[in-house]
Structure formats: structure tokens, C-alpha cells
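J.: Here you go, upload.pdb (PDB, C-alpha atoms and all ligand atoms):
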ATOM      1  CA  MET U   1      -0.071  -5.111  30.850
ATOM      2  CA  LEU U   2      -3.180  -6.757  32.239
ATOM      3  CA  ASN U   3      -6.443  -7.079  30.351
ATOM      4  CA  MET U   4      -9.759  -8.210  31.726
ATOM      5  CA  ASN U   5     -11.028 -10.716  29.223
ATOM      6  CA  HIS U   6     -14.293 -12.599  29.738
ATOM      7  CA  GLY U   7     -14.005 -12.569  33.515
ATOM      8  CA  TYR U   8     -10.404 -13.746  33.874
ATOM      9  CA  VAL U   9      -7.218 -11.749  33.958
ATOM     10  CA  MET U  10      -5.015 -12.210  30.911
ATOM     11  CA  LYS U  11      -1.351 -11.210  31.102
ATOM     12  CA  SER U  12      -0.093  -9.511  27.955
ATOM     13  CA  MET U  13       2.666 -11.240  25.975
ATOM     14  CA  HIS U  14       6.119  -9.708  26.356
ATOM     15  CA  VAL U  15       8.113  -9.468  23.133
ATOM     16  CA  LEU U  16      11.813  -8.609  22.875
ATOM     17  CA  VAL U  17      12.926  -6.756  19.760
ATOM     18  CA  ALA U  18      16.738  -7.071  19.687
ATOM     19  CA  TYR U  19      18.861  -5.482  16.984
ATOM     20  CA  ALA U  20      22.425  -4.917  15.822
ATOM     21  CA  THR U  21      23.366  -1.739  14.014
ATOM     22  CA  ARG U  22      26.460   0.208  13.032
ATOM     23  CA  ASN U  23      24.967   3.438  11.799
ATOM     24  CA  GLY U  24      21.559   3.467  13.492
ATOM     25  CA  SER U  25      19.152   2.650  10.669
ATOM     26  CA  THR U  26      18.478  -0.935  11.830
ATOM     27  CA  ALA U  27      17.755   0.380  15.326
ATOM     28  CA  GLU U  28      15.076   2.610  13.777
ATOM     29  CA  ILE U  29      13.545  -0.430  12.058
ATOM     30  CA  ALA U  30      13.533  -2.312  15.381
ATOM     31  CA  ARG U  31      11.909   0.665  17.100
ATOM     32  CA  ALA U  32       9.156   0.805  14.462
ATOM     33  CA  ILE U  33       8.511  -2.930  14.995
ATOM     34  CA  ALA U  34       8.365  -2.515  18.779
ATOM     35  CA  ASN U  35       5.995   0.467  18.450
ATOM     36  CA  GLU U  36       3.675  -1.528  16.191
ATOM     37  CA  LEU U  37       3.567  -4.391  18.700
ATOM     38  CA  THR U  38       2.786  -1.966  21.513
ATOM     39  CA  MET U  39      -0.049  -0.508  19.445
ATOM     40  CA  LEU U  40      -1.464  -4.029  19.149
ATOM     41  CA  GLY U  41      -1.538  -4.280  22.951
ATOM     42  CA  LEU U  42       1.593  -6.402  23.455
ATOM     43  CA  ASP U  43       4.396  -5.481  25.856
ATOM     44  CA  SER U  44       7.498  -4.838  23.796
ATOM     45  CA  THR U  45      11.084  -4.217  24.840
ATOM     46  CA  PHE U  46      13.525  -2.752  22.351
ATOM     47  CA  LEU U  47      17.224  -3.408  23.084
ATOM     48  CA  SER U  48      20.506  -3.727  21.224
ATOM     49  CA  ALA U  49      21.577  -7.369  20.933
ATOM     50  CA  ASP U  50      24.634  -6.810  23.114
ATOM     51  CA  GLN U  51      22.451  -5.451  25.946
ATOM     52  CA  ALA U  52      19.547  -7.867  25.684
ATOM     53  CA  GLY U  53      21.077 -10.533  27.962
ATOM     54  CA  ASP U  54      18.897 -13.388  29.182
ATOM     55  CA  VAL U  55      15.744 -13.993  27.144
ATOM     56  CA  SER U  56      13.915 -16.276  29.572
ATOM     57  CA  LYS U  57      11.439 -13.565  30.630
ATOM     58  CA  TYR U  58      10.169 -12.959  27.081
ATOM     59  CA  ASP U  59       7.364 -14.875  25.381
ATOM     60  CA  ALA U  60       8.582 -14.159  21.841
ATOM     61  CA  ILE U  61      11.677 -12.653  20.260
ATOM     62  CA  ILE U  62      12.363 -10.668  17.111
ATOM     63  CA  LEU U  63      16.052 -10.378  16.222
ATOM     64  CA  GLY U  64      17.461  -8.261  13.419
ATOM     65  CA  SER U  65      20.773  -7.057  12.112
ATOM     66  CA  ALA U  66      22.278  -4.850   9.478
ATOM     67  CA  VAL U  67      24.169  -6.815   6.823
ATOM     68  CA  TYR U  68      27.744  -5.762   6.104
ATOM     69  CA  VAL U  69      29.724  -7.571   3.408
ATOM     70  CA  TRP U  70      27.256 -10.488   3.413
ATOM     71  CA  LYS U  71      27.407 -10.897   7.189
ATOM     72  CA  TRP U  72      25.192 -10.102  10.165
ATOM     73  CA  GLU U  73      26.800  -8.030  12.897
ATOM     74  CA  LYS U  74      28.741 -10.066  15.452
ATOM     75  CA  SER U  75      26.561  -8.977  18.394
ATOM     76  CA  ALA U  76      23.402 -10.375  16.744
ATOM     77  CA  LEU U  77      25.091 -13.698  15.968
ATOM     78  CA  GLU U  78      26.469 -13.904  19.502
ATOM     79  CA  PHE U  79      23.067 -13.115  20.959
ATOM     80  CA  ALA U  80      21.575 -16.014  18.975
ATOM     81  CA  GLU U  81      24.396 -18.417  19.897
ATOM     82  CA  ASN U  82      24.311 -17.482  23.597
ATOM     83  CA  ASN U  83      20.559 -17.972  23.845
ATOM     84  CA  LEU U  84      20.204 -20.944  21.540
ATOM     85  CA  ALA U  85      18.563 -23.266  24.060
ATOM     86  CA  GLU U  86      15.900 -20.718  25.077
ATOM     87  CA  LEU U  87      15.283 -19.511  21.536
ATOM     88  CA  ARG U  88      14.566 -23.052  20.338
ATOM     89  CA  HIS U  89      11.559 -23.151  22.656
ATOM     90  CA  LYS U  90      10.100 -19.750  21.870
ATOM     91  CA  PRO U  91       8.560 -18.187  18.792
ATOM     92  CA  VAL U  92      11.350 -16.254  17.043
ATOM     93  CA  TRP U  93      11.348 -14.097  13.915
ATOM     94  CA  LEU U  94      14.432 -12.688  12.203
ATOM     95  CA  PHE U  95      15.036  -9.704   9.978
ATOM     96  CA  SER U  96      17.974  -8.335   8.026
ATOM     97  CA  SER U  97      18.443  -4.833   6.710
ATOM     98  CA  GLY U  98      20.717  -4.057   3.872
ATOM     99  CA  PRO U  99      19.967  -3.692   0.189
ATOM    100  CA  LEU U 100      20.711  -0.177  -1.004
ATOM    101  CA  ASP U 101      18.040  -0.264  -3.692
ATOM    102  CA  PHE U 102      14.330  -1.123  -3.784
ATOM    103  CA  SER U 103      14.872  -4.866  -4.376
ATOM    104  CA  ALA U 104      13.760  -5.791  -0.832
ATOM    105  CA  GLU U 105      10.287  -4.385  -1.524
ATOM    106  CA  LYS U 106       9.924  -6.357  -4.734
ATOM    107  CA  GLU U 107      11.283  -9.794  -3.929
ATOM    108  CA  GLY U 108      12.002 -11.964  -0.922
ATOM    109  CA  ILE U 109      15.746 -11.707  -0.296
ATOM    110  CA  LYS U 110      17.203 -14.787   1.358
ATOM    111  CA  PRO U 111      19.122 -14.429   4.622
ATOM    112  CA  VAL U 112      22.907 -14.696   4.499
ATOM    113  CA  ARG U 113      24.498 -18.050   5.263
ATOM    114  CA  ALA U 114      25.083 -17.760   9.024
ATOM    115  CA  VAL U 115      21.517 -16.534   9.455
ATOM    116  CA  ARG U 116      20.134 -19.485   7.476
ATOM    117  CA  ARG U 117      22.044 -21.723   9.871
ATOM    118  CA  ILE U 118      20.773 -19.955  12.974
ATOM    119  CA  SER U 119      17.257 -19.860  11.640
ATOM    120  CA  LYS U 120      17.342 -23.633  11.177
ATOM    121  CA  LEU U 121      18.893 -24.257  14.593
ATOM    122  CA  ILE U 122      16.266 -22.283  16.484
ATOM    123  CA  GLY U 123      13.367 -23.134  14.200
ATOM    124  CA  ALA U 124      12.650 -19.473  13.465
ATOM    125  CA  ARG U 125       9.138 -18.770  12.245
ATOM    126  CA  GLY U 126      10.208 -16.379   9.560
ATOM    127  CA  HIS U 127      12.822 -14.073   8.117
ATOM    128  CA  VAL U 128      12.498 -10.927   6.069
ATOM    129  CA  THR U 129      15.008  -8.573   4.467
ATOM    130  CA  PHE U 130      14.210  -4.869   4.539
ATOM    131  CA  GLY U 131      15.907  -2.197   2.470
ATOM    132  CA  GLY U 132      18.798  -0.347   4.125
ATOM    133  CA  LYS U 133      20.060   3.177   4.413
ATOM    134  CA  LEU U 134      23.393   4.683   3.425
ATOM    135  CA  PRO U 135      23.699   8.286   4.567
ATOM    136  CA  PRO U 136      26.267  10.458   2.757
ATOM    137  CA  GLU U 137      28.366  10.877   5.923
ATOM    138  CA  THR U 138      28.931   7.101   6.390
ATOM    139  CA  LYS U 139      32.602   6.450   7.138
ATOM    140  CA  GLY U 140      34.787   3.794   5.530
ATOM    141  CA  PHE U 141      36.286   3.032   2.161
ATOM    142  CA  LEU U 142      33.551   0.633   1.015
ATOM    143  CA  ALA U 143      30.821   3.063   2.086
ATOM    144  CA  LYS U 144      32.441   5.805   0.010
ATOM    145  CA  GLN U 145      32.699   3.408  -2.951
ATOM    146  CA  SER U 146      29.002   2.469  -2.608
ATOM    147  CA  SER U 147      28.116   6.087  -2.331
ATOM    148  CA  ARG U 148      30.013   6.899  -5.514
ATOM    149  CA  ALA U 149      28.283   4.001  -7.220
ATOM    150  CA  GLY U 150      24.949   5.710  -6.508
ATOM    151  CA  SER U 151      23.739   3.586  -3.575
ATOM    152  CA  GLU U 152      23.348   6.507  -1.207
ATOM    153  CA  GLY U 153      19.854   6.969   0.186
ATOM    154  CA  ASP U 154      17.172   5.532   2.440
ATOM    155  CA  PHE U 155      15.569   2.389   1.024
ATOM    156  CA  ARG U 156      13.642   1.364   4.151
ATOM    157  CA  ASN U 157       9.907   1.043   3.612
ATOM    158  CA  PHE U 158       8.222   1.684   6.955
ATOM    159  CA  ASP U 159       4.801   0.577   5.671
ATOM    160  CA  GLN U 160       6.342  -2.803   4.803
ATOM    161  CA  ILE U 161       8.078  -2.926   8.208
ATOM    162  CA  ARG U 162       4.898  -2.109  10.156
ATOM    163  CA  GLU U 163       2.885  -4.612   8.140
ATOM    164  CA  TRP U 164       5.380  -7.393   8.915
ATOM    165  CA  ALA U 165       5.332  -6.460  12.621
ATOM    166  CA  SER U 166       1.569  -6.363  12.641
ATOM    167  CA  HIS U 167       1.305  -9.912  11.197
ATOM    168  CA  ILE U 168       3.697 -11.159  13.850
ATOM    169  CA  GLY U 169       1.850  -9.299  16.600
ATOM    170  CA  MET U 170      -1.432 -10.868  15.561
ATOM    171  CA  GLU U 171       0.127 -14.327  15.425
ATOM    172  CA  ILE U 172       1.614 -13.922  18.916
ATOM    173  CA  ALA U 173      -1.676 -12.632  20.296
ATOM    174  CA  SER U 174      -3.687 -15.464  18.772
ATOM    175  CA  ARG U 175      -1.234 -18.130  20.014
ATOM    176  CA  HIS U 176      -1.506 -16.624  23.469
ATOM    177  CA  LYS U 177      -5.303 -16.612  23.381
ATOM    178  CA  HIS U 178      -5.240 -20.254  22.298
ATOM    179  CA  GLU U 179      -2.788 -21.210  25.076
ATOM    180  CA  THR U 180      -4.824 -19.294  27.681
ATOM    181  CA  VAL U 181      -8.010 -21.113  26.704
ATOM    182  CA  ILE U 182      -6.237 -24.497  26.909
ATOM    183  CA  ALA U 183      -4.759 -23.579  30.315
ATOM    184  CA  ARG U 184      -8.108 -22.568  31.838
TER     185      ARG U 184
HETATM  186  C1  LIG M   1      30.743  -1.258   3.747
HETATM  187  C2  LIG M   1      29.323  -1.668   3.560
HETATM  188  C3  LIG M   1      29.028  -2.992   3.228
HETATM  189  C4  LIG M   1      27.685  -3.381   3.039
HETATM  190  N1  LIG M   1      27.403  -4.692   2.691
HETATM  191  C5  LIG M   1      26.119  -5.056   2.478
HETATM  192  C6  LIG M   1      25.783  -6.408   2.102
HETATM  193  O1  LIG M   1      26.628  -7.283   1.961
HETATM  194  N2  LIG M   1      24.488  -6.713   1.888
HETATM  195  C7  LIG M   1      23.495  -5.789   2.038
HETATM  196  O2  LIG M   1      22.320  -6.108   1.812
HETATM  197  N3  LIG M   1      23.775  -4.511   2.414
HETATM  198  C8  LIG M   1      25.043  -4.132   2.641
HETATM  199  N4  LIG M   1      25.338  -2.842   3.038
HETATM  200  C9  LIG M   1      24.252  -1.901   3.321
HETATM  201  C10 LIG M   1      23.956  -1.811   4.805
HETATM  202  O3  LIG M   1      23.477  -3.031   5.288
HETATM  203  C11 LIG M   1      22.902  -0.706   5.028
HETATM  204  O4  LIG M   1      23.547   0.525   4.849
HETATM  205  C12 LIG M   1      22.230  -0.798   6.374
HETATM  206  O5  LIG M   1      21.071  -0.008   6.377
HETATM  207  C13 LIG M   1      23.153  -0.385   7.495
HETATM  208  O6  LIG M   1      22.495  -0.549   8.726
HETATM  209  P1  LIG M   1      22.884   0.260  10.028
HETATM  210  O7  LIG M   1      22.603   1.728   9.758
HETATM  211  O8  LIG M   1      21.965  -0.281  11.066
HETATM  212  O9  LIG M   1      24.300  -0.009  10.349
HETATM  213  C14 LIG M   1      26.646  -2.435   3.211
HETATM  214  C15 LIG M   1      26.963  -1.105   3.569
HETATM  215  C16 LIG M   1      28.283  -0.721   3.729
HETATM  216  C17 LIG M   1      28.577   0.706   4.094
END
So, in terms of C-alpha cells, how does the structure I just supplied come out?
Ligand SMILES: Cc1cc2nc3c(=O)[nH]c(=O)nc-3n(C[C@H](O)[C@H](O)[C@H](O)COP(=O)(O)O)c2cc1C
T.:
Amino acid sequence: MLNMNHGYVMKSMHVLVAYATRNGSTAEIARAIANELTMLGLDSTFLSADQAGDVSKYDAIILGSAVYVWKWEKSALEFAENNLAELRHKPVWLFSSGPLDFSAEKEGIKPVRAVRRISKLIGARGHVTFGGKLPPETKGFLAKQSSRAGSEGDFRNFDQIREWASHIGMEIASRHKHETVIAR
């Protein structure tokens, strides 16, 4: 997207929102983030981590994964490992989705171990945990156990998700404005 801004042409920042999901609910979070960024006037691309490929064309990256048994999905970890060198030089934010209760709205939930490591390695600008979703039809023994234990439901708070995306969008836009002024 091109904007005319005070007589010079300013290229819009291009943000990748990459996600890893098993049952689709993290993809919906990623889509809401990408939509919010687009509404703020940024170019956003929404792709699963295993399809995102090379990140060199993006100005900023948001990477998120569902958490299963205290782990991020393999495709999100691989995406981070494969792009480590590029990610270290770009603004990156991370998110996890998981808790099957409202705890993620009330307190900051720390990332799981491998994500803490990755966050440190790439110098991520932030991490947030959003509530998860467990639909009744979810397959697997542990899912059935969780369901019996009363964890079934949708604990994602889309106001919280949009607000987080909006803060990031504004930070990216203001960094860009600053860099454009310096480059003039
Ligand atoms: C077998 C199983 C294990 C889970 N383990 C965790 C966990 O360790 N931590 C967590 O926060 N959420 C855990 N969850 C909740 C999921 O992260 C949540 O359902 C999430 O929204 C799934 O995302 P998806 O629909 O994108 O796959 C687990 C769910 C299942 C079914």
C-alpha cells in the first residue's frame, strides 16, 4: 500500500502473522490480529508457520502457536529456528494460545520453556498468552479428559486480542515513520 504523506511517497509496512494450530482456534486469533493491522493501514499477510517460508520480505513478524502439553507446535518452533538470523534483525512479537479458563485475561502467563529460549535468541519485543478453545468434538484421550474435567469452551477474548494487535500496529507504524524521517 502506498500513502502520500507530506509530499513524499511512503511505502506501508508489511507484517507477517504466522501461526501454528491443530484445531483451528489459533488460526482465528492470527486472523483477528492480521485484520486489526490491516485496519490500521499496514499490509498484513496471514499464513500457517509451515507455509510462511522466507521472511526477508517482511518488515515485522508476529508468530503464535497453540500450546499442547506445555509445548508449542513443532511447525512454529521450526519456523523460528529456520529464520533465526532474519528474525534477530526484525521486530518480532510472539503469542501463545492455550489456557482453558479465564486466567489469561487476568494475569500475564509466561511462555513455555522453548518459547522463552526463542524469545531470548531473537530478541522478541513481547509475548502474550491468550485463552484457548476446546470444542466438544476435539479428538484424543487428553482432550476428552479435559472436557470431562469441565474445560470445554471458548476462552479467547477477541477484545484483548485486537487491543494487543493494535498496540503492535501503532508501534510498527511509529517506528516506520521515525525511520522514514531519518532516511529522508
Ligand atoms: C491434549 C491437550 C493438551 C493441552 N495442553 C495445554 C497446555 O499444556 N497448556 C495450555 O495452556 N493449553 C493446553 N491445551 C489447550 C489448547 O492449547 C487449546 O485448546 C488451544 O486453543 C488449541 O488451539 P488450536 O485450536 O489452535 O489447536 C491443551 C489442549 C489439549 C486438547
J.: Could you tell me how far CA of Ala18 in chain U sits from CA of Gln51 in chain U, in Å to one decimal place?
T.: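 Atom-to-atom, CA of Gln51 in chain U to CA of Ala18 in chain U, that is 8.6 Å.
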J.: Evaluate the PyMOL selection byres (((chain U and resi 31-40) around 12) and not hetatm) and record the selected residues as number ranges by chain, following the chain and residue labels used in the document.
T.: U: 1, 12-20, 24-30, 41-48, 60-64, 93-95, 156-174
J.: Where does the PyMOL selection byres (((not hetatm)) within 6 of (chain M and resi 1)) land in this file, that is, which residues does it pick, as a PyMOL selection string?
T.: chain U and resi 21-26+66-70+97-100+132-134+142-143
J.: Evaluate the PyMOL selection byres (((chain U and resi 114-117) around 10) and not hetatm) and record the selected residues as number ranges by chain, following the chain and residue labels used in the document.
T.: U: 65, 70-72, 76-77, 80, 94-96, 110-113, 118-124, 127
J.: Name the closest residue to Thr138 in chain U among the candidates U:Glu152, U:Glu86, U:Glu81, U:Asp50; distances are taken between atoms, counting all atoms listed in the file.
T.: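 Nearest to Thr138 in chain U: U:Glu152.
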J.: Grab the CA of Phe79 in chain U to CA of Gly131 in chain U distance for me, in Å with one decimal place.
T.: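 Result for CA of Phe79 in chain U versus CA of Gly131 in chain U: 22.6 Å, one decimal.
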J.: Between CA of Phe155 in chain U and CA of Arg125 in chain U, measure the distance and give it in Å to one decimal.
T.: 24.8 Å
